[in-house]
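**Q** The following file, coords_26.cif, comprises mmCIF, C-alpha atoms:
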data_data
#
loop_
_atom_site.label_atom_id
_atom_site.label_comp_id
_atom_site.auth_asym_id
_atom_site.auth_seq_id
_atom_site.Cartn_x
_atom_site.Cartn_y
_atom_site.Cartn_z
CA MET A 1 -24.78 -8.14 5.37
CA ASP A 2 -24.87 -10.20 8.58
CA PHE A 3 -22.33 -10.32 11.39
CA ILE A 4 -21.05 -13.82 10.48
CA LEU A 5 -20.18 -12.72 6.96
CA ILE A 6 -18.38 -9.61 8.23
CA LEU A 7 -16.44 -11.77 10.70
CA GLN A 8 -15.43 -14.12 7.87
CA MET A 9 -14.25 -11.12 5.83
CA ILE A 10 -12.13 -9.93 8.76
CA ILE A 11 -10.62 -13.41 9.18
CA ALA A 12 -9.89 -13.68 5.44
CA ALA A 13 -8.23 -10.24 5.38
CA THR A 14 -6.15 -11.12 8.45
CA VAL A 15 -5.00 -14.41 6.94
CA ALA A 16 -4.08 -12.66 3.68
CA ALA A 17 -2.14 -9.94 5.50
CA PHE A 18 -0.17 -12.55 7.46
CA ILE A 19 0.58 -14.82 4.48
CA TYR A 20 1.54 -12.08 2.03
CA THR A 21 3.60 -10.19 4.57
CA ILE A 22 5.88 -13.24 4.42
CA ILE A 23 5.52 -14.06 0.71
CA GLY A 24 5.85 -10.40 -0.31
CA ALA A 25 9.25 -10.18 1.38
CA ALA A 26 10.64 -13.05 -0.70
CA PRO A 27 12.91 -12.09 -3.63
CA GLY A 28 11.13 -12.39 -6.98
CA ALA A 29 7.68 -12.81 -5.42
CA ASP A 30 5.82 -11.38 -8.42
CA GLU A 31 2.35 -10.15 -7.48
CA THR A 32 0.56 -11.85 -10.37
CA ALA A 33 2.27 -15.21 -9.89
CA THR A 34 1.65 -15.33 -6.14
CA ILE A 35 -1.76 -13.69 -5.68
CA ALA A 36 -3.73 -14.79 -8.78
CA PRO A 37 -3.51 -18.59 -8.21
CA ILE A 38 -4.56 -18.39 -4.54
CA THR A 39 -7.41 -16.01 -5.39
CA LEU A 40 -8.50 -18.40 -8.12
CA VAL A 41 -8.58 -21.33 -5.69
CA LEU A 42 -10.74 -19.29 -3.29
CA VAL A 43 -13.15 -18.40 -6.10
CA LEU A 44 -13.45 -22.00 -7.28
CA SER A 45 -13.97 -23.16 -3.69
CA GLY A 46 -17.29 -21.29 -3.61
CA LEU A 47 -16.56 -18.70 -0.94
CA GLU A 48 -18.76 -15.61 -0.75
CA PRO A 49 -17.55 -12.91 -3.19
CA ALA A 50 -17.25 -10.31 -0.40
CA ILE A 51 -14.90 -12.61 1.55
CA ILE A 52 -12.73 -13.15 -1.52
CA LEU A 53 -12.57 -9.41 -2.22
CA SER A 54 -11.47 -8.69 1.36
CA PHE A 55 -8.77 -11.34 1.02
CA PHE A 56 -7.61 -9.94 -2.34
CA ILE A 57 -7.43 -6.29 -1.23
CA SER A 58 -5.54 -7.29 1.91
CA ALA A 59 -3.18 -9.47 -0.12
CA ILE A 60 -2.19 -6.84 -2.68
CA ILE A 61 -1.70 -4.14 -0.04
CA ALA A 62 0.39 -6.40 2.21
CA CYS A 63 2.42 -7.77 -0.68
CA LYS A 64 3.21 -4.31 -2.03
CA LEU A 65 3.82 -2.70 1.35
CA ILE A 66 6.30 -5.30 2.61
CA ASP A 67 8.50 -4.98 -0.48
CA SER A 68 10.19 -2.12 1.36
CA VAL A 69 12.10 -4.73 3.39
CA PRO A 70 14.12 -6.69 0.78
CA VAL A 71 14.56 -3.58 -1.37
CA SER A 72 15.98 -1.49 1.49
CA ILE A 73 17.98 -4.14 3.33
CA ALA A 74 19.37 -6.26 0.49
CA GLY A 75 18.76 -4.23 -2.66
CA ILE A 76 16.72 -7.11 -4.08
CA PRO A 77 13.27 -6.40 -5.57
CA ALA A 78 10.48 -8.53 -4.14
CA GLY A 79 8.44 -8.19 -7.33
CA VAL A 80 8.37 -6.32 -10.61
CA MET A 81 6.72 -3.25 -9.07
CA SER A 82 9.52 -2.72 -6.55
CA THR A 83 12.32 -2.81 -9.13
CA PRO A 84 12.31 0.96 -9.85
CA MET A 85 13.00 1.68 -6.15
CA VAL A 86 16.16 -0.43 -5.83
CA GLU A 87 18.64 2.19 -7.02
CA HIS A 88 17.30 4.89 -4.70
CA ALA A 89 17.01 2.51 -1.75
CA MET A 90 20.68 1.59 -2.22
CA VAL A 91 21.63 5.28 -2.06
CA LEU A 92 19.97 5.49 1.35
CA LYS A 93 21.63 2.26 2.46
CA LYS A 94 25.03 3.62 1.37
CA HIS A 95 24.50 6.57 3.71
CA GLY A 96 23.52 4.26 6.58
CA LEU A 97 19.80 5.02 6.28
CA THR A 98 18.33 1.57 5.71
CA ASP A 99 15.74 2.11 8.45
CA THR A 100 14.80 5.44 6.85
CA SER A 101 14.31 3.75 3.48
CA ILE A 102 11.94 1.15 4.94
CA ARG A 103 9.92 3.79 6.79
CA LYS A 104 9.71 6.10 3.77
CA ILE A 105 8.57 3.34 1.40
CA ALA A 106 6.04 1.92 3.87
CA SER A 107 4.70 5.39 4.64
CA GLY A 108 4.34 6.16 0.94
CA ALA A 109 2.28 2.99 0.63
CA ILE A 110 -0.08 4.16 3.39
CA ILE A 111 -0.55 7.51 1.64
CA GLY A 112 -1.31 5.66 -1.59
CA ASN A 113 -3.98 3.57 0.13
CA ILE A 114 -5.62 6.53 1.89
CA ILE A 115 -5.89 8.53 -1.34
CA SER A 116 -6.63 5.82 -3.88
CA ILE A 117 -9.54 4.05 -2.16
CA PRO A 118 -11.99 7.00 -2.04
CA VAL A 119 -10.81 8.28 -5.44
CA SER A 120 -11.26 4.82 -6.98
CA LEU A 121 -14.75 4.44 -5.52
CA PHE A 122 -15.70 7.88 -6.84
CA LEU A 123 -14.31 7.22 -10.35
CA ALA A 124 -16.00 3.83 -10.44
CA GLN A 125 -19.38 5.40 -9.72
CA ALA A 126 -18.73 8.05 -12.39
CA LEU A 127 -17.97 5.38 -15.00
CA ILE A 128 -21.02 3.20 -14.30
CA PRO A 129 -23.29 5.08 -16.80
CA PHE A 130 -20.81 4.27 -19.58
CA ALA A 131 -20.31 0.63 -18.58
CA ARG A 132 -22.69 -0.89 -21.12
CA VAL A 133 -21.11 1.02 -24.01
CA ILE A 134 -17.62 -0.06 -22.96
CA GLU A 135 -18.74 -3.68 -22.48
CA LYS A 136 -20.32 -3.71 -25.95
CA TYR A 137 -16.95 -2.93 -27.52
CA GLY A 138 -14.95 -4.96 -24.99
CA ASP A 139 -13.10 -7.18 -27.51
CA PRO A 140 -11.75 -4.37 -29.73
CA VAL A 141 -10.94 -2.39 -26.57
CA PHE A 142 -8.74 -5.28 -25.38
CA PHE A 143 -7.04 -5.39 -28.79
CA ILE A 144 -6.45 -1.63 -28.75
CA GLY A 145 -5.17 -1.98 -25.17
CA ALA A 146 -2.64 -4.58 -26.32
CA ILE A 147 -1.42 -2.21 -29.01
CA LEU A 148 -1.18 0.73 -26.60
CA LEU A 149 0.76 -1.30 -24.03
CA ALA A 150 3.06 -2.55 -26.78
CA LEU A 151 3.74 1.02 -27.90
CA MET A 152 4.51 2.02 -24.31
CA SER A 153 7.06 -0.77 -23.81
CA LYS A 154 10.79 -0.50 -24.54
CA LYS A 155 10.70 -3.24 -27.21
CA LYS A 156 7.86 -1.75 -29.24
CA LEU A 157 8.26 -3.67 -32.51
CA ILE A 158 8.69 -7.06 -30.85
CA ALA A 159 5.66 -6.40 -28.65
CA LEU A 160 3.53 -5.33 -31.62
CA PHE A 161 4.50 -8.28 -33.81
CA SER A 162 3.86 -10.74 -30.98
CA ILE A 163 0.13 -9.94 -30.77
CA LEU A 164 -1.19 -11.78 -33.85
CA PRO A 165 0.96 -14.95 -33.55
CA PHE A 166 0.16 -15.28 -29.88
CA ALA A 167 -3.57 -14.81 -30.56
CA LEU A 168 -3.33 -17.54 -33.21
CA LEU A 169 -1.69 -19.90 -30.73
CA ILE A 170 -4.34 -19.25 -28.07
CA GLN A 171 -7.32 -19.68 -30.37
CA GLY A 172 -5.70 -22.52 -32.31
CA LEU A 173 -5.37 -24.59 -29.15
CA ARG A 174 -8.99 -23.92 -28.25
CA TYR A 175 -10.22 -25.12 -31.68
CA MET A 176 -8.03 -28.21 -31.37
CA TYR A 177 -9.60 -29.00 -27.98
CA TRP A 178 -13.10 -28.56 -29.38
CA GLY A 179 -12.28 -30.61 -32.49
CA THR A 180 -10.85 -33.55 -30.53
CA GLY A 181 -13.61 -33.46 -27.93
CA ALA A 182 -11.17 -32.80 -25.07
CA VAL A 183 -13.28 -29.79 -24.14
CA ALA A 184 -16.98 -29.26 -24.79
CA GLU A 185 -17.74 -26.77 -27.58
CA ASP A 186 -19.69 -24.56 -25.21
CA ALA A 187 -16.71 -24.38 -22.80
CA ASN A 188 -13.87 -21.90 -23.14
CA VAL A 189 -10.45 -22.73 -21.67
CA PHE A 190 -9.18 -19.51 -20.15
CA ILE A 191 -7.90 -19.76 -16.57
CA SER A 192 -5.17 -22.32 -17.27
CA PHE A 193 -4.03 -20.28 -20.31
CA PHE A 194 -3.88 -17.22 -18.11
CA LEU A 195 -1.80 -19.02 -15.48
CA GLY A 196 0.46 -20.45 -18.19
CA ILE A 197 1.30 -16.90 -19.28
CA THR A 198 1.83 -15.85 -15.68
CA ILE A 199 4.42 -18.53 -15.01
CA GLY A 200 5.83 -18.56 -18.57
CA PRO A 201 9.40 -17.43 -17.70
CA VAL A 202 9.65 -20.25 -15.14
CA ILE A 203 8.49 -22.90 -17.64
CA LEU A 204 10.97 -21.61 -20.24
CA THR A 205 13.85 -21.73 -17.75
CA LEU A 206 12.94 -25.30 -16.71
CA PHE A 207 13.02 -26.40 -20.35
CA GLU A 208 16.39 -24.72 -20.82
CA LEU A 209 17.75 -26.89 -18.01
CA LEU A 210 17.07 -29.94 -20.19
CA ASN A 211 19.61 -28.62 -22.71
CA LYS A 212 23.07 -29.64 -21.46
CA GLU A 213 24.92 -26.91 -23.35
CA ARG A 214 22.54 -24.28 -22.11
CA ARG A 215 22.63 -25.70 -18.58
CA ASP A 216 26.42 -25.70 -18.53
CA SER A 217 26.47 -22.06 -19.66
CA PHE A 218 24.52 -20.90 -16.60
CA LYS A 219 26.56 -19.12 -13.94
CA ARG A 220 27.17 -20.96 -10.72
CA HIS A 221 26.97 -19.01 -7.47
CA ASP A 222 28.04 -19.74 -3.95
CA LYS A 223 25.72 -19.02 -1.07
CA ASN A 224 24.72 -15.37 -1.01
CA THR A 225 26.16 -13.28 1.79
CA ILE A 226 23.78 -10.49 2.73
CA TYR A 227 24.79 -7.82 5.21
CA MET A 228 22.03 -6.20 7.24
CA LYS A 229 22.51 -3.02 9.21
CA ARG A 230 21.04 -2.84 12.71
CA THR A 231 18.26 -0.28 12.91
CA LYS A 232 16.74 1.59 15.81
CA ARG A 233 13.48 0.14 17.11
CA ASN A 234 10.64 2.50 17.89
CA LYS A 235 8.43 1.32 20.76
CA LYS A 236 5.44 3.44 19.69
CA PHE A 237 3.17 2.70 16.71
CA PRO A 238 4.81 4.50 13.75
CA ASN A 239 2.98 7.49 12.24
CA PRO A 240 3.51 7.74 8.45
CA PHE A 241 2.69 11.46 8.47
CA LYS A 242 5.53 12.10 10.91
CA ILE A 243 7.96 9.85 9.05
CA LEU A 244 7.50 11.77 5.79
CA THR A 245 8.34 15.44 5.32
CA LYS A 246 5.68 17.88 4.10
CA LYS A 247 7.23 17.82 0.64
CA GLU A 248 7.21 14.02 0.55
CA ILE A 249 3.58 13.91 1.69
CA LYS A 250 2.64 16.44 -0.98
CA TYR A 251 4.27 14.52 -3.82
CA SER A 252 2.99 11.18 -2.50
CA VAL A 253 -0.56 12.54 -2.60
CA ILE A 254 -0.05 13.85 -6.15
CA SER A 255 1.42 10.49 -7.20
CA SER A 256 -1.53 8.66 -5.66
CA LEU A 257 -4.02 10.83 -7.53
CA ILE A 258 -2.17 10.27 -10.81
CA GLY A 259 -2.03 6.52 -10.21
CA SER A 260 -5.75 6.38 -9.43
CA VAL A 261 -6.79 8.26 -12.57
CA THR A 262 -4.41 6.46 -14.95
CA PHE A 263 -5.38 2.97 -13.75
CA ILE A 264 -5.55 1.59 -17.31
CA LEU A 265 -1.83 2.23 -17.97
CA SER A 266 1.21 0.16 -16.98
CA PRO A 267 1.91 0.48 -13.21
CA VAL A 268 5.65 -0.16 -13.63
CA GLY A 269 6.01 2.47 -16.34
CA LEU A 270 4.05 5.06 -14.36
CA THR A 271 6.02 4.34 -11.18
CA THR A 272 9.37 4.76 -12.89
CA PHE A 273 8.40 7.86 -14.87
CA PHE A 274 6.76 9.94 -12.13
CA GLY A 275 9.14 8.82 -9.39
CA GLU A 276 12.10 10.03 -11.42
CA LEU A 277 10.24 13.15 -12.57
CA PHE A 278 9.36 14.38 -9.07
CA SER A 279 12.86 13.81 -7.71
CA SER A 280 14.85 14.95 -10.76
CA ARG A 281 15.36 18.56 -9.61
CA ILE A 282 16.73 17.68 -6.18
CA LYS A 283 20.52 17.73 -5.93
CA ASP A 284 21.09 16.23 -2.49
CA PRO A 285 21.31 12.43 -3.04
CA VAL A 286 19.67 11.47 0.26
CA GLU A 287 16.78 13.88 -0.12
CA LYS A 288 16.34 12.84 -3.74
CA ALA A 289 16.31 9.12 -2.91
CA SER A 290 13.89 9.60 0.00
CA LEU A 291 11.44 11.53 -2.17
CA ALA A 292 11.74 9.02 -5.01
CA VAL A 293 11.04 5.88 -2.96
CA CYS A 294 8.02 7.24 -1.11
CA THR A 295 6.39 8.72 -4.24
CA MET A 296 7.08 5.56 -6.24
CA GLU A 297 5.49 3.37 -3.59
CA ALA A 298 2.49 5.69 -3.23
CA LEU A 299 1.90 5.56 -6.96
CA ALA A 300 2.40 1.79 -7.10
CA GLN A 301 -0.16 1.21 -4.35
CA SER A 302 -2.70 3.55 -5.91
CA THR A 303 -2.43 1.95 -9.37
CA TYR A 304 -2.98 -1.48 -7.82
CA ILE A 305 -6.01 -0.39 -5.80
CA SER A 306 -7.65 1.63 -8.58
CA GLY A 307 -6.69 -0.89 -11.27
CA ALA A 308 -8.60 -3.57 -9.40
CA LEU A 309 -11.57 -1.62 -7.99
CA ILE A 310 -12.58 0.65 -10.88
CA PRO A 311 -13.01 -2.06 -13.56
CA LEU A 312 -14.58 -4.39 -10.97
CA ILE A 313 -17.18 -1.92 -9.71
CA ALA A 314 -17.91 0.07 -12.86
CA LEU A 315 -17.46 -2.37 -15.75
CA GLY A 316 -17.29 -6.02 -14.78
CA ILE A 317 -14.54 -6.62 -17.35
CA PRO A 318 -10.79 -6.42 -16.62
CA LEU A 319 -9.66 -3.26 -18.39
CA SER A 320 -6.39 -2.59 -16.58
CA PRO A 321 -3.05 -4.39 -16.18
CA VAL A 322 -3.87 -5.12 -12.53
CA ALA A 323 -7.34 -6.46 -13.32
CA ILE A 324 -5.97 -8.62 -16.12
CA GLY A 325 -3.07 -9.78 -13.94
CA PRO A 326 -3.47 -10.58 -10.23
CA GLY A 327 -7.14 -9.51 -10.18
CA ASN A 328 -8.28 -11.64 -13.12
CA PRO A 329 -9.95 -14.42 -11.05
CA LEU A 330 -12.32 -11.78 -9.65
CA PHE A 331 -13.68 -11.25 -13.17
CA ASN A 332 -13.33 -14.52 -15.03
CA ALA A 333 -13.00 -17.89 -13.28
CA PRO A 334 -15.36 -20.35 -14.99
CA PRO A 335 -17.62 -21.91 -13.98
CA VAL A 336 -17.99 -19.67 -10.89
CA PHE A 337 -17.27 -16.26 -12.44
CA THR A 338 -17.65 -15.23 -16.06
CA LEU A 339 -17.59 -11.83 -17.75
CA GLU A 340 -21.39 -11.91 -17.62
CA ASN A 341 -21.63 -12.98 -13.97
CA ASN A 342 -18.89 -11.91 -11.55
CA MET A 343 -18.40 -9.67 -8.52
CA HIS A 344 -19.57 -6.68 -10.53
CA HIS A 345 -22.99 -8.30 -10.84
CA LEU A 346 -23.15 -10.02 -7.44
CA LEU A 347 -22.00 -7.31 -4.99
CA THR A 348 -23.68 -4.01 -4.17
CA THR A 349 -21.81 -0.73 -3.82
CA SER A 350 -21.94 -1.00 -0.03
CA ASP A 351 -20.52 -4.55 -0.27
CA PHE A 352 -17.60 -3.26 -2.31
CA ILE A 353 -16.93 -0.43 0.12
CA LEU A 354 -17.09 -2.61 3.23
CA ALA A 355 -14.95 -5.43 1.78
CA THR A 356 -12.35 -2.95 0.51
CA LEU A 357 -12.16 -1.08 3.81
CA ILE A 358 -11.83 -4.26 5.86
CA GLY A 359 -9.05 -5.60 3.64
CA ALA A 360 -7.25 -2.25 3.41
CA VAL A 361 -7.41 -1.34 7.11
CA ILE A 362 -6.25 -4.75 8.34
CA ALA A 363 -3.40 -5.11 5.83
CA SER A 364 -2.24 -1.49 6.16
CA THR A 365 -2.20 -1.60 9.95
CA PHE A 366 -0.66 -5.05 10.37
CA THR A 367 1.91 -5.00 7.57
CA PHE A 368 2.95 -1.37 8.10
CA TYR A 369 3.64 -2.05 11.77
CA ILE A 370 5.53 -5.27 11.01
CA ALA A 371 7.54 -3.71 8.14
CA VAL A 372 8.69 -0.74 10.21
CA LYS A 373 9.29 -2.54 13.50
CA TYR A 374 10.43 -6.06 12.57
CA SER A 375 11.98 -5.57 9.14
CA GLU A 376 15.32 -7.17 10.00
CA GLU A 377 13.80 -10.31 11.50
CA ILE A 378 11.41 -10.81 8.56
CA CYS A 379 14.12 -10.30 5.97
CA ALA A 380 16.52 -12.68 7.75
CA PHE A 381 13.79 -15.35 8.10
CA VAL A 382 12.76 -15.13 4.44
CA PHE A 383 16.30 -15.18 3.07
CA LYS A 384 17.30 -18.12 5.29
CA ARG A 385 14.16 -20.25 5.39
CA ILE A 386 12.04 -19.60 2.27
CA PRO A 387 13.83 -20.44 -1.00
CA HIS A 388 12.59 -18.59 -4.05
CA GLU A 389 12.56 -21.89 -5.95
CA ALA A 390 10.17 -23.43 -3.40
CA LEU A 391 7.58 -20.72 -4.01
CA LEU A 392 7.91 -21.07 -7.79
CA GLY A 393 7.63 -24.84 -7.53
CA LEU A 394 4.45 -24.54 -5.49
CA PHE A 395 2.74 -22.24 -7.98
CA PHE A 396 4.01 -24.22 -10.99
CA SER A 397 2.47 -27.41 -9.62
CA LEU A 398 -0.79 -25.55 -8.97
CA VAL A 399 -0.84 -24.33 -12.59
CA LEU A 400 -0.38 -27.89 -13.90
CA LEU A 401 -3.17 -29.17 -11.63
CA LEU A 402 -5.63 -26.51 -12.82
CA ALA A 403 -4.62 -27.12 -16.44
CA PHE A 404 -5.43 -30.82 -16.05
CA ILE A 405 -8.79 -30.00 -14.45
CA ASP A 406 -9.59 -27.59 -17.31
CA GLY A 407 -8.90 -29.99 -20.20
CA GLY A 408 -7.04 -33.12 -19.17
CA LEU A 409 -3.53 -34.12 -20.27
CA ILE A 410 -3.81 -32.45 -23.68
CA ASN A 411 -4.49 -29.08 -22.04
CA THR A 412 -1.62 -29.60 -19.61
CA ILE A 413 0.71 -29.93 -22.60
CA GLY A 414 -1.00 -26.94 -24.25
CA VAL A 415 -0.44 -24.79 -21.15
CA ILE A 416 3.24 -25.78 -21.11
CA LEU A 417 3.44 -24.70 -24.79
CA ILE A 418 1.81 -21.37 -23.96
CA GLY A 419 4.23 -20.96 -21.06
CA ILE A 420 7.25 -21.57 -23.28
CA VAL A 421 6.05 -19.11 -25.95
CA SER A 422 4.97 -16.41 -23.48
CA GLY A 423 8.21 -16.89 -21.51
CA LEU A 424 10.21 -16.37 -24.69
CA PHE A 425 8.19 -13.27 -25.61
CA TYR A 426 8.63 -11.93 -22.06
CA ARG A 427 12.39 -12.45 -22.26
CA LEU A 428 12.44 -10.60 -25.58
CA GLY A 429 10.77 -7.58 -23.97
CA VAL A 430 7.02 -8.20 -24.34
CA ASN A 431 5.36 -7.35 -21.01
CA TYR A 432 2.59 -9.33 -19.36
CA GLY A 433 -0.01 -6.66 -20.15
CA VAL A 434 0.34 -7.20 -23.91
CA LEU A 435 0.07 -10.98 -23.54
CA PHE A 436 -2.95 -10.81 -21.23
CA MET A 437 -4.77 -8.31 -23.47
CA THR A 438 -4.09 -10.62 -26.44
CA LEU A 439 -5.49 -13.57 -24.48
CA TYR A 440 -8.78 -11.69 -24.01
CA SER A 441 -9.03 -10.42 -27.58
CA ALA A 442 -7.84 -13.64 -29.33
CA PRO A 443 -11.36 -14.81 -30.45
CA TRP A 444 -12.14 -11.37 -31.90
CA ILE A 445 -8.73 -11.10 -33.61
CA MET A 446 -9.11 -14.50 -35.28
CA LYS A 447 -12.65 -13.69 -36.39
CA ILE A 448 -11.49 -10.45 -38.03
CA LEU A 449 -8.52 -12.18 -39.72
CA SER A 450 -10.71 -15.00 -41.05
CA ASP A 451 -13.13 -12.47 -42.59
CA LEU A 452 -10.39 -10.64 -44.47
#
Translate this file's structure into structure tokens.
**A**
Amino acid sequence: MDFILILQMIIAATVAAFIYTIIGAAPGADETATIAPITLVLVLSGLEPAIILSFFISAIIACKLIDSVPVSIAGIPAGVMSTPMVEHAMVLKKHGLTDTSIRKIASGAIIGNIISIPVSLFLAQALIPFARVIEKYGDPVFFIGAILLALMSKKKLIALFSILPFALLIQGLRYMYWGTGAVAEDANVFISFFLGITIGPVILTLFELLNKERRDSFKRHDKNTIYMKRTKRNKKFPNPFKILTKKEIKYSVISSLIGSVTFILSPVGLTTFFGELFSSRIKDPVEKASLAVCTMEALAQSTYISGALIPLIALGIPLSPVAIGPGNPLFNAPPVFTLENNMHHLLTTSDFILATLIGAVIASTFTFYIAVKYSEEICAFVFKRIPHEALLGLFFSLVLLLAFIDGGLINTIGVILIGIVSGLFYRLGVNYGVLFMTLYSAPWIMKILSDL
């Protein structure tokens, strides 16, 4: 790997850290909806895979690390993964410890990064001998994964019964495209379907606005008034190991190890379960909340890192919620990446290690420093200057553009249909993991059903 390429990786990681430090602080900035489309654009632009990987690792670390700011200051989750921390962060805020909450969450994220990267690289190497066997049964594994994620969700029956109808919709649209000649028979529309699922709740809400009765039933709100407590500013570079207590470091390390090993399971479910488990025996509300937020963030970071790296290095197919979600363009972005030719096949082990370290070090250093030292300014800027609707509008327009490129106007309408259906399923309690797993296994499911 030459110096120019390494320099480009550093620049890409720096740009990602800067952009997602801002985007990640915005309310509702879901990781999949904000990271996957930009990563996809970079892949389709023809950039070197190592540069894209550095960008992606930096983006997910920065986006997850900065969520300590809106959660701690305003009690508003930046994305789905930060939702479990809101209640505990508000306990700390109630006791006048907003600055403590930010530092604890950000420090937990650093612990998660430090532990998960070497563990993920080790596990990936250990799984490589079994990669071909897993790839051979990839389609049924995706189907089984959809069932397992459905059984782990709160709305189990709805999630289970959504799998077959949604698979029929996905594959039915593909056969319609092939039959009408909108898409060549040797082409497989995937990326725009994936993005349609990602932004499904937004598409459903936009369609609801066309219904006057429904529109009139929506609550109207005045401008939000958000109170932010002044925090003490530390002139020195913050040390996460001094911010956390020994007990908090211990449980953050344990959480990170658990998150790294259980990369195939739902990150949100794991974060909620183990965060509450580790803090359940503590009576003091401040101590309990502090332990909960740092362990939750450590586990969230580790599941994101391991969920992206292990399938990417060991398998080449996205067998985790993170890989299927924000990391999907790294695996499957035709015509540049396919399941038979992606980063798994193009990068060496040393490439993976270097790209991951560059992205992780830059994002961890930059975003951790910014989050701890300039949290108030960032939060005030985002809440005042960056409307949530503007971000959603940007990504929605990008989805429509890519849908048109994939299959013309007919596919644009098809993606809107998928968005409406997936948005409805999501509102009924079917999580993204089930829908994404179904998207991957749809051809296999329809083949099995047609043979019955």
**Q** Would you mind reading off the distance between atom CA of A:Ala289 and atom CA of A:Cys63, one decimal, in Å?
**A** 22.0 Å
**Q** Which value, in Å to one decimal, gives the distance between atom CA of A:Pro443 and atom CA of A:Leu346?
**A**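 Atom CA of A:Leu346 lies at a distance of 26.3 Å from atom CA of A:Pro443.
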**Q** How far is it from atom CA of A:Gln8 to atom CA of A:Leu312, in Å with one decimal?
**A**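 Atom-to-atom, atom CA of A:Gln8 to atom CA of A:Leu312, that is 21.2 Å.
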**Q** Let me make sure I understand: among A:Ser101, A:Phe190, A:Phe143, A:Pro37, which one has the smallest atom-to-atom distance to A:Ser397 if we use only C-alpha atoms?
**A**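 Residue with the minimum atom-to-atom distance to A:Ser397: A:Pro37.
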**Q** Which residues would end up in the selection if the PyMOL selection byres ((chain A and resi 431) around 12) were applied here, given that I need the answer as an NGL selection string?
**A** :A and (80 or 146-156 or 158-160 or 162-163 or 197-198 or 200-201 or 266-269 or 321 or 325 or 422-430 or 432-438)
**Q** Identify all residues satisfying the PyMOL selection byres ((chain A and resi 202-217) around 12) in the given file; provide them as a ChimeraX atom specification.
**A** /A:28,30,33,195-201,218-220,388-389,391-397,399-400,413,415-427
**Q** Within 9 Å of stretch 16-22 of chain A, counting all atoms listed in the file, which residues qualify if same-chain residues fewer than 3 places away don't, as a PyMOL selection string?
**A** chain A and resi 11-13+25-26+34-35+54-67+359+362-364+366-367+370-371+378-379+381-382
**Q** With distances taken over all atoms listed in the file, which of A:Leu169, A:Leu7, A:Ala355, A:Ile23 is nearest to A:Arg385?
**A**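 Using all atoms listed in the file, the shortest distance to A:Arg385 belongs to A:Ile23.
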**Q** For the file shown, report as a ChimeraX atom specification the outcome of the PyMOL selection byres ((chain A and resi 120) around 8) at residue level.
**A** /A:116-119,121-124,260-261,305-306,309-310
**Q** Between A:Ala167, A:Ile445, A:Val293, A:Ile410, which is the closest to A:Ser107 once you count all atoms listed in the file?
**A**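 Nearest candidate to A:Ser107 out of A:Ala167, A:Ile445, A:Val293, A:Ile410: A:Val293.
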**Q** Considering all atoms listed in the file, state which residue in the set A:His344, A:Lys373, A:Lys288, A:His95 is at the smallest distance from A:Glu248.
**A**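 Checking each candidate against A:Glu248, we get A:Lys288 as the closest.
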**Q** Go through A:Thr245, A:Gln171, A:Gln301, A:Asn411 one by one, measure the shortest atom-to-atom distance of each to A:Glu287 using only C-alpha atoms, and give the residue with the smallest value.
**A**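 For A:Glu287, the nearest of the candidates is A:Thr245.
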**Q** Which residues come within 12 Å of A:Ile317, counting all atoms listed in the file, excluding same-chain residues fewer than 4 positions away, as JSON, numbers by chain?
**A** {"A": [131, 132, 134, 135, 136, 137, 138, 139, 141, 142, 307, 308, 309, 310, 311, 312, 313, 321, 322, 323, 324, 327, 328, 329, 330, 331, 332, 337, 338, 339, 340, 341, 342, 343, 344, 345, 437, 440]}
**Q** Nearest to A:Val361: which of A:Leu97, A:Val69, A:Ile114, A:Ala442 is it, counting all atoms listed in the file?
**A**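 Closest to A:Val361, using all atoms listed in the file: A:Ile114.
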**Q** Pick out the residues sitting within 10 Å of A:Met9, and hand them over as number ranges by chain; count all atoms listed in the file, and ignore anything fewer than 3 positions along from it in its own chain.
**A** A: 3-6, 12-15, 48-55, 354-356, 358-359
**Q** Create the file for the chosen residues now, containing C-alpha atoms and written as an mmCIF file, in the frame of the given file.
**A**
data_model
loop_
_atom_site.group_PDB
_atom_site.id
_atom_site.type_symbol
_atom_site.label_atom_id
_atom_site.label_comp_id
_atom_site.auth_asym_id
_atom_site.auth_seq_id
_atom_site.Cartn_x
_atom_site.Cartn_y
_atom_site.Cartn_z
ATOM 1 C CA PHE A 3 -22.330 -10.320 11.390
ATOM 2 C CA ILE A 4 -21.050 -13.820 10.480
ATOM 3 C CA LEU A 5 -20.180 -12.720 6.960
ATOM 4 C CA ILE A 6 -18.380 -9.610 8.230
ATOM 5 C CA ALA A 12 -9.890 -13.680 5.440
ATOM 6 C CA ALA A 13 -8.230 -10.240 5.380
ATOM 7 C CA THR A 14 -6.150 -11.120 8.450
ATOM 8 C CA VAL A 15 -5.000 -14.410 6.940
ATOM 9 C CA GLU A 48 -18.760 -15.610 -0.750
ATOM 10 C CA PRO A 49 -17.550 -12.910 -3.190
ATOM 11 C CA ALA A 50 -17.250 -10.310 -0.400
ATOM 12 C CA ILE A 51 -14.900 -12.610 1.550
ATOM 13 C CA ILE A 52 -12.730 -13.150 -1.520
ATOM 14 C CA LEU A 53 -12.570 -9.410 -2.220
ATOM 15 C CA SER A 54 -11.470 -8.690 1.360
ATOM 16 C CA PHE A 55 -8.770 -11.340 1.020
ATOM 17 C CA LEU A 354 -17.090 -2.610 3.230
ATOM 18 C CA ALA A 355 -14.950 -5.430 1.780
ATOM 19 C CA THR A 356 -12.350 -2.950 0.510
ATOM 20 C CA ILE A 358 -11.830 -4.260 5.860
ATOM 21 C CA GLY A 359 -9.050 -5.600 3.640
#
